[in-house]
Structure formats: structure tokens, C-alpha cells
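Trainee: Got a structure for you, upload-v7.txt, holding compact mmCIF, C-alpha atoms.
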```
# COMPACT_ATOMS: atom_id res chain seq x y z
CA MET A 1 54.99 90.77 -37.13
CA LEU A 2 55.28 87.00 -37.13
CA TYR A 3 58.11 87.20 -34.60
CA GLY A 4 56.10 89.60 -32.41
CA SER A 5 53.02 87.39 -32.63
CA LEU A 6 54.97 84.29 -31.67
CA LEU A 7 56.74 86.13 -28.85
CA CYS A 8 53.45 87.32 -27.36
CA LEU A 9 51.48 84.11 -27.98
CA GLU A 10 52.46 82.20 -24.82
CA PRO A 11 51.92 85.11 -22.38
CA PHE A 12 48.61 85.88 -24.14
CA LEU A 13 47.40 82.28 -23.75
CA LEU A 14 48.62 82.05 -20.14
CA ALA A 15 46.80 85.28 -19.19
CA ASP A 16 43.48 83.42 -19.05
CA THR A 17 44.43 80.35 -17.04
CA GLY A 18 43.97 79.23 -13.46
CA MET A 19 47.69 79.79 -12.88
CA TYR A 20 47.23 83.48 -13.82
CA LYS A 21 44.33 83.83 -11.37
CA GLU A 22 46.43 82.20 -8.66
CA GLN A 23 49.30 84.58 -9.39
CA VAL A 24 46.94 87.58 -9.10
CA GLN A 25 45.78 86.35 -5.66
CA LEU A 26 49.37 85.83 -4.50
CA GLN A 27 50.30 89.27 -5.87
CA ARG A 28 47.54 90.93 -3.80
CA GLN A 29 48.68 89.11 -0.66
CA ALA A 30 52.32 90.07 -1.32
CA ARG A 31 51.39 93.75 -1.68
CA LYS A 32 49.57 93.72 1.65
CA ALA A 33 52.62 92.19 3.28
CA GLU A 34 54.91 94.54 1.30
CA LYS A 35 56.83 91.66 -0.28
CA THR A 36 57.89 91.03 -3.86
CA LEU A 37 56.47 88.08 -5.72
CA ALA A 38 58.27 85.92 -8.25
CA ARG A 39 56.37 84.74 -11.32
CA LEU A 40 54.74 81.33 -11.05
CA ALA A 41 55.83 80.59 -14.62
CA PRO A 42 58.48 82.31 -16.79
CA MET A 43 56.06 83.71 -19.42
CA LEU A 44 53.11 84.30 -17.09
CA PRO A 45 52.30 88.04 -17.05
CA PHE A 46 51.51 89.98 -13.89
CA ARG A 47 48.12 91.66 -13.60
CA GLU A 48 49.39 95.06 -14.80
CA GLU A 49 51.11 93.43 -17.81
CA LYS A 50 48.03 91.54 -19.05
CA MET A 51 46.57 94.45 -21.02
CA LEU A 52 49.93 95.29 -22.63
CA VAL A 53 50.54 91.67 -23.64
CA THR A 54 47.01 91.41 -25.08
CA LEU A 55 47.39 94.68 -26.99
CA ALA A 56 50.81 93.72 -28.37
CA PHE A 57 49.55 90.30 -29.47
CA MET A 58 46.40 91.66 -31.13
CA LEU A 59 48.31 94.39 -32.97
CA CYS A 60 50.96 91.97 -34.20
CA VAL A 61 48.38 89.44 -35.42
CA ALA A 62 46.25 92.12 -37.12
CA LEU A 63 49.25 93.66 -38.90
CA LEU A 64 50.58 90.21 -39.83
CA CYS A 65 47.26 89.38 -41.50
CA ALA A 66 47.27 92.70 -43.38
CA ILE A 67 50.87 92.26 -44.53
CA VAL A 68 50.29 88.67 -45.67
CA PHE A 69 47.18 89.68 -47.62
CA LEU A 70 48.86 92.69 -49.21
CA GLY A 71 52.05 90.75 -50.01
CA GLY A 72 50.08 87.88 -51.50
CA PHE A 73 48.03 90.26 -53.63
CA HIS A 74 51.17 91.93 -54.97
CA ILE A 75 52.80 88.58 -55.77
CA TYR A 76 49.62 87.74 -57.71
CA LEU A 77 49.87 91.08 -59.54
CA THR A 78 53.53 90.39 -60.39
CA LEU A 79 52.76 86.90 -61.69
CA THR A 80 49.92 88.23 -63.86
CA ALA A 81 51.79 91.36 -65.11
CA GLN A 82 49.39 93.91 -63.67
CA THR A 83 49.45 97.03 -61.55
CA THR A 84 46.75 97.64 -58.97
CA ILE A 85 44.94 100.03 -61.30
CA GLU A 86 45.21 97.60 -64.22
CA PHE A 87 43.81 94.84 -61.98
CA HIS A 88 40.58 96.80 -61.52
CA GLY A 89 40.36 97.66 -65.22
CA ASN A 90 41.09 94.06 -66.26
CA TRP A 91 38.49 92.76 -63.83
CA ALA A 92 35.86 95.00 -65.43
CA ASN A 93 37.01 93.92 -68.92
CA ARG A 94 36.73 90.22 -67.94
CA LYS A 95 33.19 90.77 -66.65
CA ARG A 96 32.18 92.52 -69.88
CA ALA A 97 33.72 89.79 -72.03
CA LYS A 98 32.05 87.05 -69.99
CA LYS A 99 28.63 88.68 -70.54
CA VAL A 100 29.05 88.38 -74.30
CA GLY A 101 30.47 84.85 -74.05
CA LYS A 102 34.11 85.67 -74.78
CA LYS A 103 37.35 85.40 -72.84
CA TRP A 104 39.51 88.41 -72.12
CA LYS A 105 43.29 88.19 -71.64
CA ASN A 106 45.62 90.84 -70.29
CA PRO A 107 47.77 91.96 -73.28
CA TYR A 108 50.89 92.27 -71.07
CA ASP A 109 50.63 88.79 -69.53
CA LEU A 110 53.46 86.60 -70.83
CA GLY A 111 52.87 83.71 -68.43
CA TRP A 112 53.69 83.62 -64.73
CA LYS A 113 57.34 82.61 -65.14
CA ARG A 114 58.15 85.23 -67.78
CA ASN A 115 56.22 87.89 -65.84
CA TRP A 116 58.36 87.11 -62.76
CA GLN A 117 61.53 87.32 -64.86
CA GLN A 118 60.43 90.72 -66.21
CA ILE A 119 60.60 92.09 -62.66
CA TYR A 120 63.16 89.98 -60.78
CA GLY A 121 65.34 88.34 -63.42
CA THR A 122 66.30 84.69 -63.67
CA GLN A 123 68.24 84.21 -60.42
CA TYR A 124 66.95 82.28 -57.41
CA TRP A 125 63.71 83.89 -56.14
CA LEU A 126 65.02 84.66 -52.61
CA ILE A 127 68.12 86.36 -54.00
CA ALA A 128 65.86 88.35 -56.34
CA MET A 129 64.17 89.90 -53.27
CA LEU A 130 67.43 91.47 -52.05
CA PRO A 131 68.14 95.09 -52.99
CA SER A 132 70.12 95.47 -56.20
CA ALA A 133 71.59 98.27 -58.28
CA ARG A 134 71.38 96.29 -61.54
CA GLU A 135 69.44 97.79 -64.40
CA PRO A 136 66.61 95.52 -65.53
CA ALA A 137 67.02 93.90 -68.92
CA PHE A 138 63.51 94.94 -69.94
CA LEU A 139 61.63 98.21 -70.07
CA PRO A 140 58.88 98.59 -67.46
CA ILE A 141 56.25 97.65 -70.06
CA PRO A 142 56.59 94.01 -71.20
CA LEU A 143 55.83 93.39 -74.85
CA ALA A 144 55.27 89.95 -76.38
CA ASP A 145 57.48 90.59 -79.42
CA HIS A 146 60.53 91.46 -77.28
CA THR A 147 60.67 95.09 -78.47
CA GLY A 148 60.76 96.13 -74.82
CA ARG A 149 64.23 94.62 -74.35
CA ARG A 150 66.89 97.23 -73.64
CA ARG A 151 69.63 97.81 -76.18
CA TYR A 152 73.10 97.58 -74.73
CA ALA A 153 75.82 99.35 -76.66
CA GLN A 154 78.61 97.06 -77.82
CA LYS A 155 81.95 98.25 -79.18
CA GLY A 156 82.12 98.06 -82.94
CA VAL A 157 78.59 96.67 -83.34
CA LYS A 158 75.80 98.62 -84.97
CA ASP A 159 72.49 99.12 -83.12
CA GLU A 160 70.64 96.63 -85.35
CA GLN A 161 73.23 93.92 -84.75
CA ALA A 162 73.21 94.60 -81.00
CA SER A 163 69.43 94.36 -80.84
CA ASN A 164 69.40 91.15 -82.90
CA HIS A 165 72.13 89.67 -80.70
CA SER A 166 70.25 90.54 -77.48
CA ALA A 167 66.99 89.08 -78.86
CA ASP A 168 68.76 85.73 -79.45
CA ASN A 169 69.55 85.45 -75.72
CA ILE A 170 65.96 85.74 -74.54
CA VAL A 171 65.03 82.87 -72.25
```
Would you give me this structure, written as C-alpha cells?

Mentor:
Amino acid sequence: MLYGSLLCLEPFLLADTGMYKEQVQLQRQARKAEKTLARLAPMLPFREEKMLVTLAFMLCVALLCAIVFLGGFHIYLTLTAQTTIEFHGNWANRKRAKKVGKKWKNPYDLGWKRNWQQIYGTQYWLIAMLPSAREPAFLPIPLADHTGRRRYAQKGVKDEQASNHSADNIV
């Protein structure tokens, strides 16, 4: 959407200039004389293209705004360890706690960095956005005492030893 918006920006801005009005006049004269007219400027739309350029620009900008808002909201949810439904419930809980003079904290929130690692791991954040077939190290529900960490079977090691060993490697 950003690319589409930037691509349509110049023709959209040029469609309301004196040069555009001059091109429309020249286009009318060329039609009467049955000639073809070259554009006065490379990105200057013809009269019949003005509506399409305007529509494309407005759609791209509107969808870009929606995507940025939605993406930003979901990054916030990731950093605060919430789902959309939990966000609404937590908001109501915060309001109730504030009325009685207390603070309310999401029980799954482990801090923004740890919340991010629960979902995307410890690698560079751009690489974390790429599709991956790796199994996450944690269960979908983060728990503060690390009981949500997956147990990986190790040859010759009992389950208790494997779980203790994996808990030692927690960042």
C-alpha cells in the first residue's frame, strides 16, 4: 500500500494544477483536429485517467492507514502478552481496579522483551518475521515460573533432568 500510495502521489498532485488544465485544453483541440497529444509532463494524467488515479491513490492511502493501525495494535498486543479478547477484558479490569485505587497487571505479562521472545524467539527482529517451521520453545500460554517451557527428549536423560537442564538455559 505504501508503494501504491507513493506511485500514485505525483499524478494525484499534478491532476489539480494549471499544467493539467492546459493539457485538457490541448487534448480537446487535438481531438477536434483528430491528432494525438503527448503528455506535457511524464506523470501528468489525461482527463480520462484523473478519476482512476484519484481512486487508486485514495484506496491505497486508506488501506495503508488501516494496515498501519492494525499492525501497530498487534505489535502492542504482542509486547504486552495479550490477545484481542484479553485486551478488552484487561481494559475493563484496569478500570475496575482504578476505581478502588489499586493497580491491575496482566498475569501473563513478563515484560516487553520476554513477551516478544515468547512469540518470535531471540533472533534479530526482522528475521523473526520470516516464515519458519521451527517449533516454539514455549507453550502458547506464557507462565512466569517457566512451567510453560517445552520438554525436549534427550537420549539417556530422565524427564526431570531434561526439564531442569532446559530451565537453566532460559534467557

Trainee: Do you know which residues lie at most 10 Å from (66.6, 91.5, -63.3), with coordinates as in the file and all atoms listed in the file counted, and could you write them as a ChimeraX atom specification?

Mentor: /A:116-123,128,132-138

Trainee: Output the selection as a PDB file, keeping the file's coordinate frame - C-alpha atoms for each residue.

Mentor:
```
ATOM      1  CA  TRP A 116      58.360  87.110 -62.760  1.00  0.00           C
ATOM      2  CA  GLN A 117      61.530  87.320 -64.860  1.00  0.00           C
ATOM      3  CA  GLN A 118      60.430  90.720 -66.210  1.00  0.00           C
ATOM      4  CA  ILE A 119      60.600  92.090 -62.660  1.00  0.00           C
ATOM      5  CA  TYR A 120      63.160  89.980 -60.780  1.00  0.00           C
ATOM      6  CA  GLY A 121      65.340  88.340 -63.420  1.00  0.00           C
ATOM      7  CA  THR A 122      66.300  84.690 -63.670  1.00  0.00           C
ATOM      8  CA  GLN A 123      68.240  84.210 -60.420  1.00  0.00           C
ATOM      9  CA  ALA A 128      65.860  88.350 -56.340  1.00  0.00           C
ATOM     10  CA  SER A 132      70.120  95.470 -56.200  1.00  0.00           C
ATOM     11  CA  ALA A 133      71.590  98.270 -58.280  1.00  0.00           C
ATOM     12  CA  ARG A 134      71.380  96.290 -61.540  1.00  0.00           C
ATOM     13  CA  GLU A 135      69.440  97.790 -64.400  1.00  0.00           C
ATOM     14  CA  PRO A 136      66.610  95.520 -65.530  1.00  0.00           C
ATOM     15  CA  ALA A 137      67.020  93.900 -68.920  1.00  0.00           C
ATOM     16  CA  PHE A 138      63.510  94.940 -69.940  1.00  0.00           C
TER      17      PHE A 138
END
```

Trainee: For Leu77 in chain A, which residue out of A:Gly101, A:Pro45, A:Gly111, A:Pro11 is the nearest one, using all atoms listed in the file?

Mentor: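 Looking only at the distances to Leu77 in chain A, the closest residue turns out to be A:Gly111.
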
Trainee: What is the CA of Arg96 in chain A-CA of Asp109 in chain A distance in Å, reported with one decimal?

Mentor: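 So the answer is 18.8 Å.
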
Trainee: How far is it from CA of Trp125 in chain A to CA of Lys113 in chain A, in Å with one decimal?

Mentor: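 Interatomic distance, CA of Trp125 in chain A to CA of Lys113 in chain A: 11.1 Å.
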
Trainee: Can you work out which one of A:Gln23, A:Asn106, A:Arg31, A:Leu63 has the shortest atom-to-atom distance to Leu44 in chain A, counting all atoms listed in the file?

Mentor: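 Among the listed residues, the smallest separation from Leu44 in chain A belongs to A:Gln23.
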
Trainee: When distances are computed from only C-alpha atoms, which of A:Glu49, A:Pro107, A:Met58, A:Met43 shows the smallest separation from Glu86 in chain A?

Mentor: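 The closest residue to Glu86 in chain A is A:Pro107.
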
Trainee: Give as a VMD selection string each residue that has an atom at most 12 Å from (48.6, 82.7, -17.9) in the file, counting all atoms listed in the file.

Mentor: chain A and resid 8 to 24 39 to 47 49 to 50 53 to 54

Trainee: To one decimal place in Å, what is the distance between CA of Tyr3 in chain A and CA of Cys60 in chain A?

Mentor: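 The value is 8.6 Å.
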
Trainee: Using only C-alpha atoms, which residues sit within 12 Å of Asn93 in chain A once same-chain residues fewer than 4 positions away are excluded, as a PyMOL selection string?

Mentor: chain A and resi 86-89+97-100+102-107

Trainee: For those residues, write C-alpha atoms to a file as a PDB file, keeping the file's coordinate frame.

Mentor:
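Done, and the output landed in result-v3.pdb:
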```
ATOM      1  CA  GLU A  86      45.210  97.600 -64.220  1.00  0.00           C
ATOM      2  CA  PHE A  87      43.810  94.840 -61.980  1.00  0.00           C
ATOM      3  CA  HIS A  88      40.580  96.800 -61.520  1.00  0.00           C
ATOM      4  CA  GLY A  89      40.360  97.660 -65.220  1.00  0.00           C
ATOM      5  CA  ALA A  97      33.720  89.790 -72.030  1.00  0.00           C
ATOM      6  CA  LYS A  98      32.050  87.050 -69.990  1.00  0.00           C
ATOM      7  CA  LYS A  99      28.630  88.680 -70.540  1.00  0.00           C
ATOM      8  CA  VAL A 100      29.050  88.380 -74.300  1.00  0.00           C
ATOM      9  CA  LYS A 102      34.110  85.670 -74.780  1.00  0.00           C
ATOM     10  CA  LYS A 103      37.350  85.400 -72.840  1.00  0.00           C
ATOM     11  CA  TRP A 104      39.510  88.410 -72.120  1.00  0.00           C
ATOM     12  CA  LYS A 105      43.290  88.190 -71.640  1.00  0.00           C
ATOM     13  CA  ASN A 106      45.620  90.840 -70.290  1.00  0.00           C
ATOM     14  CA  PRO A 107      47.770  91.960 -73.280  1.00  0.00           C
TER      15      PRO A 107
END
```
